[in-house]
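Dropping target-v2.cif in here (mmCIF, C-alpha atoms and all ligand atoms):
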data_my_file
loop_
_atom_site.label_atom_id
_atom_site.label_comp_id
_atom_site.auth_asym_id
_atom_site.auth_seq_id
_atom_site.Cartn_x
_atom_site.Cartn_y
_atom_site.Cartn_z
CA MET W 18 0.00 0.00 0.00
CA GLU W 19 1.37 3.44 -0.90
CA GLN W 20 2.16 5.55 2.15
CA ASN W 21 1.76 9.29 2.48
CA TYR W 22 4.48 11.07 4.39
CA LEU W 23 4.24 14.42 6.07
CA VAL W 24 7.48 16.40 5.76
CA ARG W 25 7.61 18.99 8.52
CA LYS W 26 9.95 20.82 10.86
CA ALA W 27 11.24 18.58 13.63
CA HIS W 28 10.38 19.03 17.28
CA LEU W 29 11.96 17.74 20.44
CA ASP W 30 9.76 14.63 20.60
CA ASP W 31 11.32 13.49 17.29
CA VAL W 32 14.90 13.47 18.54
CA LYS W 33 15.12 9.85 19.74
CA ALA W 34 13.79 8.57 16.40
CA MET W 35 16.17 10.87 14.46
CA HIS W 36 19.04 9.65 16.62
CA GLY W 37 18.17 6.03 15.79
CA LEU W 38 18.00 6.70 12.03
CA LEU W 39 21.34 8.53 12.08
CA LEU W 40 23.04 5.89 14.23
CA THR W 41 22.01 3.08 11.88
CA CYS W 42 23.66 4.91 8.96
CA ALA W 43 26.66 6.06 10.99
CA ARG W 44 27.42 2.44 11.93
CA LYS W 45 27.67 1.72 8.19
CA GLY W 46 30.06 4.68 7.78
CA LEU W 47 27.59 6.62 5.62
CA LEU W 48 27.47 9.74 7.75
CA LEU W 49 28.54 11.19 11.08
CA PRO W 50 26.79 9.96 14.22
CA ARG W 51 25.07 12.75 16.15
CA ALA W 52 24.84 12.80 19.93
CA LEU W 53 21.45 13.38 21.52
CA ILE W 54 22.64 16.67 22.99
CA TYR W 55 23.64 17.86 19.51
CA LEU W 56 20.23 16.93 18.12
CA TYR W 57 18.36 18.69 20.92
CA GLY W 58 20.53 21.78 20.49
CA HIS W 59 20.19 21.89 16.71
CA ILE W 60 16.56 20.82 16.49
CA ARG W 61 15.59 24.03 14.66
CA ASN W 62 17.77 22.96 11.71
CA PHE W 63 15.92 19.69 11.15
CA PHE W 64 13.06 18.45 9.04
CA VAL W 65 11.51 15.02 9.49
CA ALA W 66 9.14 12.85 7.47
CA GLU W 67 6.45 11.05 9.37
CA THR W 68 3.92 8.40 8.44
CA SER W 69 0.20 8.78 9.09
CA GLU W 70 0.83 6.66 12.22
CA GLY W 71 3.34 9.23 13.47
CA GLU W 72 6.47 7.17 12.81
CA ILE W 73 9.58 9.18 11.88
CA VAL W 74 11.13 7.65 8.75
CA ALA W 75 13.49 10.35 7.48
CA CYS W 76 15.37 13.40 8.68
CA CYS W 77 17.54 16.11 7.21
CA ALA W 78 19.16 19.30 8.48
CA LEU W 79 19.85 22.65 6.84
CA ALA W 80 22.69 24.27 8.78
CA PRO W 81 23.65 27.90 8.08
CA VAL W 82 27.45 28.14 7.68
CA TRP W 83 28.26 31.63 6.42
CA GLU W 84 26.62 34.82 5.21
CA ASP W 85 24.82 33.21 2.28
CA LEU W 86 25.94 29.59 2.57
CA GLY W 87 24.26 26.59 4.15
CA GLU W 88 24.97 22.88 4.49
CA ILE W 89 22.61 19.97 3.98
CA CYS W 90 23.57 17.33 6.51
CA SER W 91 22.26 14.41 8.56
CA LEU W 92 20.07 13.31 5.64
CA VAL W 93 18.65 9.81 6.13
CA VAL W 94 15.70 7.94 4.68
CA ARG W 95 14.89 4.65 6.40
CA ASP W 96 16.50 1.97 4.27
CA ASP W 97 13.29 0.11 3.32
CA LEU W 98 11.72 3.34 2.01
CA ARG W 99 14.50 4.55 -0.28
CA ARG W 100 14.15 5.26 -4.01
CA GLN W 101 10.57 6.53 -3.62
CA GLY W 102 11.34 10.23 -3.75
CA LEU W 103 11.46 10.86 -0.01
CA GLY W 104 15.11 11.95 0.02
CA ARG W 105 14.37 14.55 -2.64
CA ARG W 106 11.35 15.79 -0.67
CA MET W 107 13.61 16.33 2.36
CA VAL W 108 16.08 18.36 0.29
CA THR W 109 13.20 20.33 -1.28
CA ALA W 110 11.95 21.20 2.21
CA CYS W 111 15.43 22.55 3.04
CA LEU W 112 15.46 24.57 -0.19
CA GLY W 113 12.18 26.18 0.83
CA GLU W 114 13.76 27.27 4.08
CA CYS W 115 16.77 28.72 2.24
CA HIS W 116 14.51 31.46 0.93
CA ALA W 117 13.31 32.37 4.42
CA LEU W 118 16.92 32.48 5.70
CA HIS W 119 18.31 34.23 2.59
CA LEU W 120 20.71 31.36 1.93
CA LYS W 121 21.83 31.57 -1.69
CA LYS W 122 24.13 28.54 -1.88
CA ILE W 123 24.08 25.13 -0.27
CA PHE W 124 26.45 22.22 -0.22
CA ALA W 125 26.79 18.71 1.19
CA LEU W 126 29.72 16.41 1.84
CA THR W 127 28.52 12.99 0.87
CA TYR W 128 29.07 9.45 -0.37
CA GLN W 129 25.77 9.76 -2.27
CA GLU W 130 26.99 11.84 -5.19
CA ALA W 131 24.42 10.37 -7.61
CA PHE W 132 21.48 11.28 -5.38
CA PHE W 133 22.62 14.90 -5.16
CA THR W 134 23.53 15.33 -8.82
CA ARG W 135 20.09 13.86 -9.73
CA SER W 136 18.70 16.69 -7.59
CA GLY W 137 20.58 19.47 -9.43
CA PHE W 138 23.76 19.72 -7.34
CA ARG W 139 27.17 19.78 -9.02
CA VAL W 140 30.40 18.26 -7.79
CA VAL W 141 32.94 20.87 -6.63
CA ASP W 142 36.41 20.88 -5.15
CA LYS W 143 36.32 21.14 -1.35
CA SER W 144 38.63 24.17 -1.55
CA VAL W 145 35.58 26.28 -2.52
CA LEU W 146 34.22 25.63 1.00
CA PRO W 147 36.91 27.20 3.23
CA GLN W 148 34.49 28.03 6.06
CA LYS W 149 33.43 24.37 6.32
CA ILE W 150 37.03 23.16 6.26
CA TRP W 151 38.19 25.51 9.02
CA ALA W 152 35.10 25.14 11.20
CA ASP W 153 34.63 21.36 10.98
CA CYS W 154 36.83 19.38 8.63
CA VAL W 155 40.13 20.13 10.37
CA HIS W 156 38.68 18.48 13.51
CA CYS W 157 37.71 15.31 11.63
CA ALA W 158 39.88 12.24 12.18
CA LYS W 159 40.09 11.74 8.41
CA TYR W 160 41.38 15.26 7.66
CA PRO W 161 43.08 15.97 5.25
CA ASP W 162 42.27 12.68 3.51
CA CYS W 163 38.52 13.19 3.21
CA ASP W 164 36.87 10.57 1.00
CA GLU W 165 33.52 12.35 0.73
CA THR W 166 32.48 14.28 -2.35
CA ALA W 167 31.50 17.96 -2.08
CA VAL W 168 28.32 18.84 -3.97
CA PHE W 169 27.02 22.37 -4.41
CA LEU W 170 23.82 24.08 -5.53
CA ASP W 171 22.93 27.70 -6.24
CA VAL W 172 19.53 27.93 -4.58
CA PRO W 173 16.86 28.47 -7.24
CA ASP W 174 14.63 31.53 -6.80
CA ALA W 175 11.47 31.05 -4.76
CA PRO W 176 8.41 30.32 -6.90
CA ALA W 177 6.29 33.44 -7.47
CA THR W 178 3.30 33.69 -5.13
CA ALA W 179 -0.29 33.91 -6.39
CA THR W 180 -0.25 37.67 -5.71
CA GLY W 181 3.00 38.03 -7.63
CA LYS W 182 4.79 39.46 -4.58
C1 LIG M 201 20.78 9.36 0.10
C2 LIG M 201 19.33 9.03 0.49
C3 LIG M 201 18.85 10.05 1.49
C4 LIG M 201 18.47 9.11 -0.77
O1 LIG M 201 17.11 8.97 -0.39
P1 LIG M 201 16.01 8.35 -1.37
O2 LIG M 201 14.68 8.56 -0.74
O3 LIG M 201 16.39 6.97 -1.74
O4 LIG M 201 16.19 9.28 -2.65
P2 LIG M 201 15.08 9.61 -3.77
O5 LIG M 201 14.20 8.43 -3.95
O6 LIG M 201 14.45 10.92 -3.46
O7 LIG M 201 16.00 9.75 -5.06
C5 LIG M 201 16.10 10.96 -5.85
C6 LIG M 201 16.84 10.60 -7.11
O8 LIG M 201 18.16 10.15 -6.77
C7 LIG M 201 18.37 8.82 -7.28
N1 LIG M 201 19.14 8.07 -6.28
C8 LIG M 201 18.86 7.96 -4.94
N2 LIG M 201 19.81 7.20 -4.36
C9 LIG M 201 20.69 6.88 -5.33
C10 LIG M 201 21.89 6.10 -5.35
N3 LIG M 201 22.38 5.54 -4.26
N4 LIG M 201 22.51 5.94 -6.54
C11 LIG M 201 22.04 6.49 -7.67
N5 LIG M 201 20.90 7.25 -7.72
C12 LIG M 201 20.25 7.43 -6.55
C13 LIG M 201 16.97 8.24 -7.42
O9 LIG M 201 16.94 7.20 -8.35
C14 LIG M 201 16.20 9.47 -7.89
O10 LIG M 201 16.49 9.68 -9.27
P3 LIG M 201 15.45 10.34 -10.31
O11 LIG M 201 15.90 11.74 -10.48
O12 LIG M 201 15.61 9.52 -11.52
O13 LIG M 201 14.07 10.26 -9.74
C15 LIG M 201 19.23 7.59 1.05
O14 LIG M 201 19.82 6.70 0.16
C16 LIG M 201 19.89 7.41 2.42
O15 LIG M 201 19.28 7.66 3.48
N6 LIG M 201 21.15 6.95 2.42
C17 LIG M 201 21.89 6.68 3.65
C18 LIG M 201 22.32 7.94 4.37
C19 LIG M 201 23.16 8.83 3.49
O16 LIG M 201 24.11 8.41 2.83
N7 LIG M 201 22.80 10.13 3.49
C20 LIG M 201 23.49 11.16 2.74
C21 LIG M 201 24.32 11.95 3.68
S1 LIG M 201 24.91 13.47 2.91
#
Give the structure from this file in structure tokens form.
Ligand SMILES: CC(C)(COP(=O)(O)OP(=O)(O)OC[C@H]1O[C@@H](n2cnc3c(N)ncnc32)[C@H](O)[C@@H]1OP(=O)(O)O)[C@@H](O)C(=O)NCCC(=O)NCCS
Amino acid sequence: MEQNYLVRKAHLDDVKAMHGLLLTCARKGLLLPRALIYLYGHIRNFFVAETSEGEIVACCALAPVWEDLGEICSLVVRDDLRRQGLGRRMVTACLGECHALHLKKIFALTYQEAFFTRSGFRVVDKSVLPQKIWADCVHCAKYPDCDETAVFLDVPDAPATATGK
């Protein structure tokens, strides 16, 4: 049976489910694990997808990094629900928020290059992201031998409203 998912901003009651989704992927080396205290503290950055029964099946964060630059991170879709468009819906939700925050450019560091390029991102050299490197990457155990790919998107303009404003 086809499921409908509600993509919405996360709230504190979602954190334990988000933590579980992220931990499952982190154990496979797909992304960074996130501590509960990090998730509580950064809850405003997160979107989740929930089933009609209220189960959290995906999460994604949009983290502002610099004056017009944001990062898509902690993106997970539960593994049995992948390839149904939910990952793209999570990224689209983040793009909508870029307009509210006046973020003009977003990037991700990822092993899922194909997913992001299918969604309009382009592969870039990490040297175009100096703020990310100095704020985070230098503290990573893998630095400077990062094996993730940097993908980048100029945020498309917001769709015109019905009033044209
Ligand atoms: C990456 C991830 C979020 C994608 O979610 P998803 O719901 O499967 O993605 P979607 O169904 O929205 O896919 C969007 C497009 O990307 C393509 N795609 C998705 N995953 C892909 C993959 N691994 N390889 C190639 N193409 C892929 C889809 O076929 C679709 O293509 P389309 O333009 O032809 O429709 C999911 O695979 C996941 O949770 N992975 C583990 C965690 C992870 O690596 N997160 C990324 C951290 S930056």
Quick check, in Å to one decimal: how far apart do atom CA of W:Glu72 and atom CA of W:Ile54 lie? 21.3 Å
Around ligand LIG 201 (chain M), fit a box with edges along x, y and z, padding it by 3 Å on each side, then list its centre and edge lengths in Å to one decimal as AutoDock Vina command-line options.
--center_x 19.5 --center_y 9.5 --center_z -3.6 --size_x 16.8 --size_y 13.9 --size_z 21.9
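In this comparison, which uses all atoms listed in the file, the residue of W:Ser144, W:Thr109, W:Gln101, W:Thr166 approaching W:Asn21 most closely is W:Gln101.
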As a quick test: using only C-alpha atoms and all ligand atoms, which residues lie no more than 10 Å away from ligand LIG 201 (chain M)? Give them as a ChimeraX atom specification. /W:38-39,41-43,45-49,74-78,88-109,124-137,165-168
What is the atom CA of W:Val172-atom CA of W:Glu114 distance in Å, reported with one decimal? 10.4 Å
Report, in Å to a single decimal, how far apart atom CA of W:Leu146 and atom CA of W:Cys163 are. 13.3 Å
Counting only C-alpha atoms, the residue of W:Ala34, W:Ile60, W:Leu170, W:Ala66 that sits nearest W:Gln20: W:Ala66
Which residues come within 8 Å of W:Ala110, counting all atoms listed in the file, excluding same-chain residues fewer than 5 positions away, as a VMD selection string? chain W and resid 24 to 25 64
May I have the residues from that selection written out with C-alpha atoms, as a PDB file, in the frame of the given file?
ATOM      1  CA  VAL W  24       7.480  16.400   5.760  1.00  0.00           C
ATOM      2  CA  ARG W  25       7.610  18.990   8.520  1.00  0.00           C
ATOM      3  CA  PHE W  64      13.060  18.450   9.040  1.00  0.00           C
TER       4      PHE W  64
END
With distances taken over only C-alpha atoms, which of W:Ala80, W:Tyr22, W:Ile73, W:Arg61 is nearest to W:Met35? W:Ile73
Give me the residues near stretch 148-152 of chain W as a VMD selection string, where near means some atom within 10 Å (using only C-alpha atoms) and where sequence neighbours in that chain fewer than 2 positions away do not count. chain W and resid 82 to 83 86 to 88 124 126 143 to 146 154 to 157 160 to 161
Select, counting all atoms listed in the file, all protein, DNA and RNA residues no farther than 12 Å from (19.6, 9.9, 21.1) in file coordinates, and express the selection as a VMD selection string. chain W and resid 29 to 41 50 to 58
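Between W:Asp142 and the candidates W:Ala177, W:Cys111, W:Phe169, W:Glu84, the tightest atom-to-atom separation, counting all atoms listed in the file, involves W:Phe169.
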